[in-house]
$ cat entry_8.cif   # mmCIF, C-alpha atoms
data_target
#
loop_
_atom_site.label_atom_id
_atom_site.label_comp_id
_atom_site.auth_asym_id
_atom_site.auth_seq_id
_atom_site.Cartn_x
_atom_site.Cartn_y
_atom_site.Cartn_z
CA MET M 1 0.00 0.00 0.00
CA GLY M 2 2.93 2.39 0.73
CA TRP M 3 4.29 1.98 -2.80
CA TRP M 4 1.00 3.05 -4.24
CA ILE M 5 1.08 6.33 -2.26
CA ALA M 6 4.72 6.91 -3.16
CA GLY M 7 3.82 6.42 -6.83
CA TRP M 8 1.08 9.04 -6.61
CA VAL M 9 3.40 11.48 -4.84
CA CYS M 10 6.11 11.01 -7.49
CA GLY M 11 3.57 11.42 -10.28
CA ALA M 12 2.18 14.58 -8.67
CA LEU M 13 5.67 16.03 -8.27
CA LEU M 14 6.49 15.24 -11.89
CA LEU M 15 3.28 16.90 -13.06
CA LEU M 16 4.00 19.93 -10.87
CA GLY M 17 7.49 20.17 -12.39
CA VAL M 18 6.11 20.03 -15.95
CA VAL M 19 3.53 22.73 -15.14
CA ALA M 20 6.28 24.94 -13.64
CA VAL M 21 8.49 24.59 -16.74
CA VAL M 22 5.58 25.39 -19.07
CA TYR M 23 4.62 28.41 -16.92
CA LEU M 24 8.19 29.76 -16.97
CA ALA M 25 8.42 29.28 -20.75
CA VAL M 26 5.15 31.18 -21.28
CA LEU M 27 6.32 33.97 -18.95
CA ASP M 28 9.64 34.24 -20.82
CA THR M 29 7.84 34.40 -24.17
CA ARG M 30 5.59 37.21 -22.90
CA LYS M 31 8.57 39.23 -21.66
CA LYS M 32 10.40 38.69 -24.93
CA ARG M 33 7.39 39.75 -27.03
CA ARG M 34 6.85 42.86 -24.90
CA THR M 35 10.46 43.94 -25.20
CA LEU M 36 10.53 43.35 -28.95
CA ALA M 37 7.23 45.20 -29.48
CA GLN M 38 7.69 48.13 -27.08
CA GLY M 39 11.45 48.41 -26.78
CA GLU M 40 13.87 50.55 -28.73
CA HIS M 41 15.65 48.51 -31.36
CA THR M 42 19.28 49.37 -30.94
CA ILE M 43 22.74 47.86 -31.08
CA GLY M 44 24.58 46.20 -28.22
CA TRP M 45 28.34 45.79 -28.24
CA LEU M 46 29.61 42.56 -26.74
CA VAL M 47 31.76 42.79 -23.62
CA GLN M 48 31.58 39.13 -22.57
CA ALA M 49 29.34 36.12 -23.02
CA ASN M 50 29.02 32.54 -21.95
CA ASN M 51 31.44 30.49 -24.10
CA LYS M 52 28.58 28.20 -25.11
CA LEU M 53 27.08 31.04 -27.18
CA PHE M 54 30.04 30.88 -29.58
CA LYS M 55 29.37 27.20 -30.32
CA ASP M 56 26.45 25.29 -31.81
CA GLY M 57 23.78 24.63 -29.23
CA PHE M 58 20.16 25.09 -28.36
CA LEU M 59 20.15 26.79 -24.95
CA ASP M 60 19.74 30.55 -24.79
CA GLN M 61 22.30 32.26 -22.54
CA PRO M 62 23.07 35.67 -21.04
CA ALA M 63 25.79 38.08 -22.12
CA LEU M 64 27.15 41.44 -21.05
CA VAL M 65 26.93 44.28 -23.57
CA LEU M 66 27.30 48.01 -23.90
CA LEU M 67 24.17 49.98 -24.80
CA SER M 68 23.61 53.67 -25.35
CA PRO M 69 20.39 55.66 -25.68
CA GLU M 70 22.35 58.07 -27.89
CA PRO M 71 22.02 56.88 -31.53
CA GLN M 72 25.43 58.28 -32.55
CA THR M 73 27.17 56.53 -29.66
CA ALA M 74 25.29 53.26 -30.20
CA ALA M 75 26.44 53.26 -33.84
CA ASP M 76 30.06 54.28 -33.13
CA ARG M 77 31.86 50.98 -33.76
CA ASP M 78 35.36 52.20 -32.90
CA PHE M 79 34.30 53.90 -29.68
CA MET M 80 32.15 51.04 -28.42
CA THR M 81 34.64 48.27 -29.25
CA ASP M 82 37.45 50.27 -27.61
CA LEU M 83 35.27 50.84 -24.54
CA SER M 84 34.37 47.15 -24.27
CA GLY M 85 38.08 46.29 -24.46
CA ARG M 86 38.88 48.75 -21.67
CA ILE M 87 36.12 47.20 -19.56
CA MET M 88 37.51 43.67 -20.09
CA GLU M 89 40.95 44.91 -18.99
CA LEU M 90 39.36 45.73 -15.63
CA LYS M 91 37.86 42.26 -15.18
CA GLY M 92 39.51 40.61 -12.20
CA VAL M 93 41.15 43.87 -11.06
CA ASP M 94 40.61 44.83 -7.43
CA PRO M 95 38.82 48.20 -7.41
CA ASP M 96 41.28 49.39 -4.73
CA ASP M 97 44.11 48.89 -7.23
CA CYS M 98 42.56 51.16 -9.87
CA PRO M 99 44.15 54.54 -10.63
CA ASP M 100 40.85 56.49 -10.39
CA LYS M 101 37.24 56.28 -9.18
CA ALA M 102 35.80 55.69 -12.65
CA ASP M 103 38.00 52.64 -13.30
CA ALA M 104 37.28 51.38 -9.77
CA ALA M 105 33.51 51.64 -10.37
CA VAL M 106 33.79 49.63 -13.60
CA ALA M 107 36.08 47.05 -11.97
CA GLU M 108 33.45 46.63 -9.25
CA LEU M 109 30.75 46.02 -11.89
CA MET M 110 32.93 43.38 -13.56
CA SER M 111 33.54 41.53 -10.29
CA ASP M 112 30.07 39.93 -10.27
CA GLU M 113 29.11 37.83 -13.31
CA THR M 114 25.66 36.90 -12.01
CA TYR M 115 22.92 37.54 -14.59
CA PHE M 116 20.08 39.79 -13.46
CA GLU M 117 17.22 40.33 -15.87
CA GLY M 118 17.01 43.97 -16.93
CA LYS M 119 20.15 45.05 -15.06
CA ARG M 120 21.87 48.00 -16.64
CA ASP M 121 24.48 50.14 -14.95
CA LYS M 122 25.31 53.59 -16.25
CA LEU M 123 29.05 53.84 -16.67
CA PRO M 124 30.81 56.85 -15.15
CA ARG M 125 30.98 59.76 -17.61
CA ALA M 126 34.68 60.10 -16.80
CA PHE M 127 35.13 56.54 -18.12
CA THR M 128 33.04 57.10 -21.27
CA GLY M 129 34.35 60.51 -22.24
CA GLY M 130 31.06 62.16 -21.31
CA ARG M 131 28.81 59.83 -23.32
CA ASP M 132 25.79 57.98 -21.91
CA VAL M 133 26.70 54.29 -21.99
CA TYR M 134 25.31 51.41 -19.96
CA LEU M 135 26.81 48.04 -19.09
CA ALA M 136 23.76 45.80 -19.55
CA HIS M 137 22.77 42.21 -18.94
CA LEU M 138 21.45 40.91 -22.25
CA PHE M 139 19.53 37.69 -22.76
CA VAL M 140 20.64 36.13 -26.02
CA TYR M 141 18.04 34.14 -27.93
CA ARG M 142 19.84 31.82 -30.34
CA ASP M 143 17.03 32.00 -32.89
CA HIS M 144 17.91 35.71 -33.30
CA LEU M 145 21.56 34.98 -34.16
CA PRO M 146 22.90 34.12 -37.62
CA GLY M 147 23.63 30.40 -37.49
CA GLY M 148 22.32 30.24 -33.92
CA LYS M 149 25.57 31.43 -32.33
CA LEU M 150 27.55 34.58 -31.63
CA ASN M 151 30.03 35.44 -34.35
CA ARG M 152 30.52 39.20 -33.98
CA ARG M 153 30.67 41.94 -31.36
CA ARG M 154 27.76 43.98 -32.75
CA ILE M 155 24.44 42.49 -31.59
CA PRO M 156 20.98 43.74 -32.57
CA CYS M 157 18.96 44.05 -29.37
CA ALA M 158 15.88 45.64 -27.81
CA VAL M 159 15.57 47.59 -24.58
CA ILE M 160 12.73 49.42 -22.86
CA TRP M 161 14.64 52.38 -21.42
CA GLU M 162 11.69 53.60 -19.31
CA ASP M 163 11.37 50.27 -17.48
CA PRO M 164 14.61 49.49 -15.65
CA LYS M 165 13.47 45.96 -14.70
CA SER M 166 12.34 44.84 -18.14
CA LEU M 167 14.10 42.16 -20.10
CA ILE M 168 16.90 43.33 -22.39
CA CYS M 169 17.24 40.85 -25.22
CA THR M 170 18.50 40.17 -28.69
CA ARG M 171 16.21 40.80 -31.61
CA PRO M 172 16.10 39.33 -35.08
CA ALA M 173 18.48 41.16 -37.39
CA THR M 174 16.80 43.32 -40.02
CA GLU M 175 17.99 43.84 -43.58
CA LYS M 176 19.35 47.23 -42.46
CA ASP M 177 21.37 45.48 -39.72
CA ARG M 178 22.75 42.99 -42.24
CA LEU M 179 23.78 45.78 -44.62
CA ARG M 180 25.54 47.67 -41.80
CA HIS M 181 27.43 44.51 -40.87
CA GLU M 182 28.54 43.93 -44.48
CA GLU M 183 29.78 47.54 -44.73
CA ALA M 184 31.85 47.26 -41.55
#
$ encode --input "entry_8.cif" --output "structure tokens"
Amino acid sequence: MGWWIAGWVCGALLLLGVVAVVYLAVLDTRKKRRTLAQGEHTIGWLVQANNKLFKDGFLDQPALVLLSPEPQTAADRDFMTDLSGRIMELKGVDPDDCPDKADAAVAELMSDETYFEGKRDKLPRAFTGGRDVYLAHLFVYRDHLPGGKLNRRRIPCAVIWEDPKSLICTRPATEKDRLRHEEA
């Protein structure tokens, strides 16, 4: 008789687990659709990403990118790639060892690699040369990437600037995005 009850409990737990996974998938899809529909379509510049995103796979993963609400800054390839390189140089550096407060603030941001949905930190203006640039946690959907994996630093993405807790995610590349990439 005890096995019968244990079987029901295991079955109920399995069903509960399936319902939870389906619920989370539906919630993720809603957040993604909202961001793509209401968010500004902009460009993110890769700072770092999970290594799995550079290989074939099926799981979506987070990444760290630079975003700017200023269209000229967001499109400035040289500036944004240089800035992302400077940020990576500060990864693993103790903020107390930095020559100035701006570098120390960025080193502190790079010390925690935990993904937080919607997290975006405005970089110090002294670090960005007076431009508005954010270090943002991006959720990368593989179906938005050419070939299903990362292969460049420039990533089409969507962000709802007015909602600091909303998902920041990749978006499907448009023909305009593809032409810009071919020109670069």
$ closest_atom_pairs --input "entry_8.cif" --of "segment 52-164 of chain M" --to "segment 16-35 of chain M" --cutoff "12 Å" --atoms "all atoms listed in the file" --output "Markdown table"
| residue | atom | partner | partner_atom | distance |
| --- | --- | --- | --- | --- |
| M:Asp60 | CA | M:Asp28 | CA | 11.5 |
| M:Glu117 | CA | M:Lys31 | CA | 10.5 |
| M:Gly118 | CA | M:Thr35 | CA | 10.5 |
| M:Leu138 | CA | M:Lys32 | CA | 11.6 |
| M:Phe139 | CA | M:Lys32 | CA | 9.4 |
| M:Val140 | CA | M:Lys32 | CA | 10.6 |
| M:Tyr141 | CA | M:Lys32 | CA | 9.4 |
| M:His144 | CA | M:Lys32 | CA | 11.6 |
| M:Cys157 | CA | M:Thr35 | CA | 9.5 |
| M:Ala158 | CA | M:Thr35 | CA | 6.3 |
| M:Val159 | CA | M:Thr35 | CA | 6.3 |
| M:Ile160 | CA | M:Thr35 | CA | 6.4 |
| M:Trp161 | CA | M:Thr35 | CA | 10.1 |
| M:Glu162 | CA | M:Thr35 | CA | 11.4 |
| M:Asp163 | CA | M:Thr35 | CA | 10.0 |
| M:Pro164 | CA | M:Thr35 | CA | 11.8 |
$ atom_distance --input "entry_8.cif" --atom1 "atom CA of Thr81 of chain M" --atom2 "atom CA of Trp45 of chain M"
6.8 Å
$ closest_residue --input "entry_8.cif" --among "M:Arg131, M:Arg154, M:Arg171, M:Lys165" --to "Val65 of chain M" --atoms "all atoms listed in the file"
M:Arg154
$ closest_residue --input "entry_8.cif" --among "M:Ala126, M:Gln48, M:Ala173, M:Pro95" --to "Gly147 of chain M" --atoms "all atoms listed in the file"
M:Ala173
$ resolve_selection --input "entry_8.cif" --expression "the PyMOL selection byres ((chain M and resi 74) around 10)" --output "list in words"
Thr42, Ile43, Gly44, Trp45, Leu66, Leu67, Ser68, Pro69, Glu70, Pro71, Gln72, Thr73, Ala75, Asp76, Arg77, Phe79, Met80, Asp132, Val133 and Arg154 of chain M
$ closest_residue --input "entry_8.cif" --among "M:Pro62, M:Leu150, M:Phe54, M:Pro124" --to "Asp100 of chain M" --atoms "all atoms listed in the file"
M:Pro124
$ residues_around --input "entry_8.cif" --residues "Ala136 of chain M" --least-positions-apart "2" --cutoff "6 Å" --atoms "only C-alpha atoms" --output "PyMOL selection string"
chain M and resi 64-65+119-120+134
$ write_last_selection --input "entry_8.cif" --atoms "C-alpha atoms" --output "PDB file, in the coordinates of the input"
ATOM      1  CA  LEU M  64      27.150  41.440 -21.050  1.00  0.00           C
ATOM      2  CA  VAL M  65      26.930  44.280 -23.570  1.00  0.00           C
ATOM      3  CA  LYS M 119      20.150  45.050 -15.060  1.00  0.00           C
ATOM      4  CA  ARG M 120      21.870  48.000 -16.640  1.00  0.00           C
ATOM      5  CA  TYR M 134      25.310  51.410 -19.960  1.00  0.00           C
TER       6      TYR M 134
END
$ atom_distance --input "entry_8.cif" --atom1 "atom CA of Gly129 of chain M" --atom2 "atom CA of Asp82 of chain M"
12.0 Å
$ closest_residue --input "entry_8.cif" --among "M:Glu113, M:Asp78, M:Asp121, M:Asp56" --to "Pro146 of chain M" --atoms "all atoms listed in the file"
M:Asp56
$ closest_residue --input "entry_8.cif" --among "M:Leu13, M:Ile168, M:Leu135, M:Leu83" --to "Glu108 of chain M" --atoms "only C-alpha atoms"
M:Leu135
$ closest_residue --input "entry_8.cif" --among "M:Val93, M:Thr170, M:Pro99, M:Phe127" --to "Ser111 of chain M" --atoms "only C-alpha atoms"
M:Val93
$ atom_distance --input "entry_8.cif" --atom1 "atom CA of Leu46 of chain M" --atom2 "atom CA of Arg152 of chain M"
8.0 Å
$ residues_around --input "entry_8.cif" --residues "Asn51 of chain M" --least-positions-apart "4" --cutoff "10 Å" --atoms "all atoms listed in the file" --output "VMD selection string"
chain M and resid 55 61 63 150
$ resolve_selection --input "entry_8.cif" --expression "the PyMOL selection byres ((chain M and resi 106) around 8)" --output "list in words"
Ile87, Leu90, Ala102, Asp103, Ala104, Ala105, Ala107, Glu108, Leu109, Met110, Leu123 and Pro124 of chain M
